[in-house]
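J.: Sharing a structure with you now.
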Amino acid sequence: MRRGIAATALVAALALAATACGGDTQDGKDAAGETKAGGELSGTVTWWDTSNDAEKASFQKIAEAFTAKHPKVTVKYVNVPYGDAQNKVKNAFSSGSDAPDVIRADVGWVADFASLGYLDEVPAETAKKVDAEFLPQAAASGKYEGKTYAVPQVIDTLGLFYNKKMLADAGVQPPTTLEELKTAAAAIKAKTGKAGLYLRGDDSYWFLPLIYGEGGDLVDAKNKTVTVDNAAGVKAFKTARELVTSGAAVTNATDGWTNMQTAFKSGEAAMMINGPWAVADTYAGDQFKDKANLGVAAVPAGSVKAGAPQGGHDLGVYAGSKNRAAAHAFVDYMTSQEVQVQSAKDLSLLPTRTAAYEAPDVKSSEMVQFFKPAVDKAVERAWIPENGSLFEPLKVEYTKAITGASSPEDAAKAAGAEFRKILKGWK
């Protein structure tokens, strides 16, 4: 079952975190330099959280514990489904109507929001701490044109989740290459009648290991060149389709997350590609009542190399917030070491603070200890404003290619054409 947080432990740990977060500024001034009476924070901070169903209860408790240090601040927690969040946030920010004070943003959204003027620049003292105390690749995701607009909350990447018993029964080891995966899947099918791999086909993030595995990338930001439709890109689309036609993988063009999780948790599929955010929900499955049955390995390599994308979520403050001082203090708290350690312990999420990895609760987390080396090797995406916009046309073409609705060549060509419309002037 999904691990929960004991109430007494939560209150004690998060009261300590709130005390240590350093949210107050000196001389009674807020992050924007506006004077607060007596320097005491008050009012309401509305936080739009994009975490999944297995995580949101924990994050709500953590967020509301902010009042341990700031009793005159009320935290209004709102969970916004991730799939709807980017557009919903942009609409709220652009209109200023019912906009949140703080948003949990995918790392690919920060540059976009910042370029549109939606995010308040992180206070100078916090920005210095981000540069000095956070993982460099995590810190990079919160920057735009040399300034820091968001503080990294969690960092992640993709790995191969596998059912240890099913692989052992079929006499196979976790595959290290896609060719090995095909062989293992055939053995699993012959032994159990179940699918080897569930490959999510309706989200372009799951396409990234395939294109990285062929030595490619979506774009070359330095040279302002679209590369999704080069030879490596075509091969990646072809690989996705071949995994399905070979019988190594099953997929679905709709409800990919639900179908993938259901298939893996019930034992209908022996493997899936997923990230640390899926660990808590996966443990709730019948196949993983014994948590030791869950294994995680690196994403199998393509014909050139192994590669998985850097992902994660950052916290940013709305530039139009009427309570920026409290909002920035809340971000400091939610990204404090104590809160990050708590999230790693209870949800297997990876901290963004370097020192957090020395905490006993983080060191003892098997999933964190697997994913940290994977994160260190993960491929950083181009932190450009258009980053998030590229994923919708890529998703459309990835789904077409993996389901056979389009040829790999046509999918790559169409994705490249859409990218060039978005990235005006790029080759």
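Labels used: A, B, ... for chains in the order of the structure tokens, numbers from 1 for residues in each chain, and numbers from 1 for ligands as shown.
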Do you know which residues are at most 9 Å from Phe264 of chain A counting only C-alpha atoms, after dropping those on the same chain fewer than 3 positions away, and could you put them as a list in words?

T.: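 Contacts, in chain order: Phe161, Tyr162, Asn163, Leu197, Tyr198, Asn259, Met260, Gln261, Gly267, Glu268, Ala269, Ala270, Met271, Met272, Thr282, Gly285 and Gln287 of chain A.
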
J.: Find the spatial neighbours of Arg353 of chain A, counting only C-alpha atoms, within a cut-off of 7 Å - ignore same-chain residues fewer than 6 positions away - and output them as an NGL selection string.

T.: :A and (133-135 or 337)

J.: Using only C-alpha atoms, can you tell me which of A:Ala297, A:Ala114, A:Val219, A:Ala306 comes closest to Thr177 of chain A?

T.: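 Of A:Ala297, A:Ala114, A:Val219, A:Ala306, the one nearest Thr177 of chain A is A:Ala306, counting only C-alpha atoms.
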
J.: For each of A:Asn293, A:Thr254, A:Gln369, A:Gln310, take the minimum atom-to-atom distance to Ala168 of chain A, counting only C-alpha atoms, then give the residue where this is smallest.

T.: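 Using only C-alpha atoms, the shortest distance to Ala168 of chain A belongs to A:Asn293.
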
J.: Could you name the residues that touch Asn230 of chain A at 9 Å or less, counting only C-alpha atoms, but leaving out those on the same chain fewer than 3 positions away, as a ChimeraX atom specification?

T.: /A:216,226-227,233-235,412-413,416

J.: Name the residues of segment 36-153 of chain A that fall into helix (DSSP H, G or I) according to DSSP on the backbone, using the chain letters and numbers of this document, as a PyMOL selection string.

T.: chain A and resi 37-39+56-68+82-95+110-115+124-133+136-141
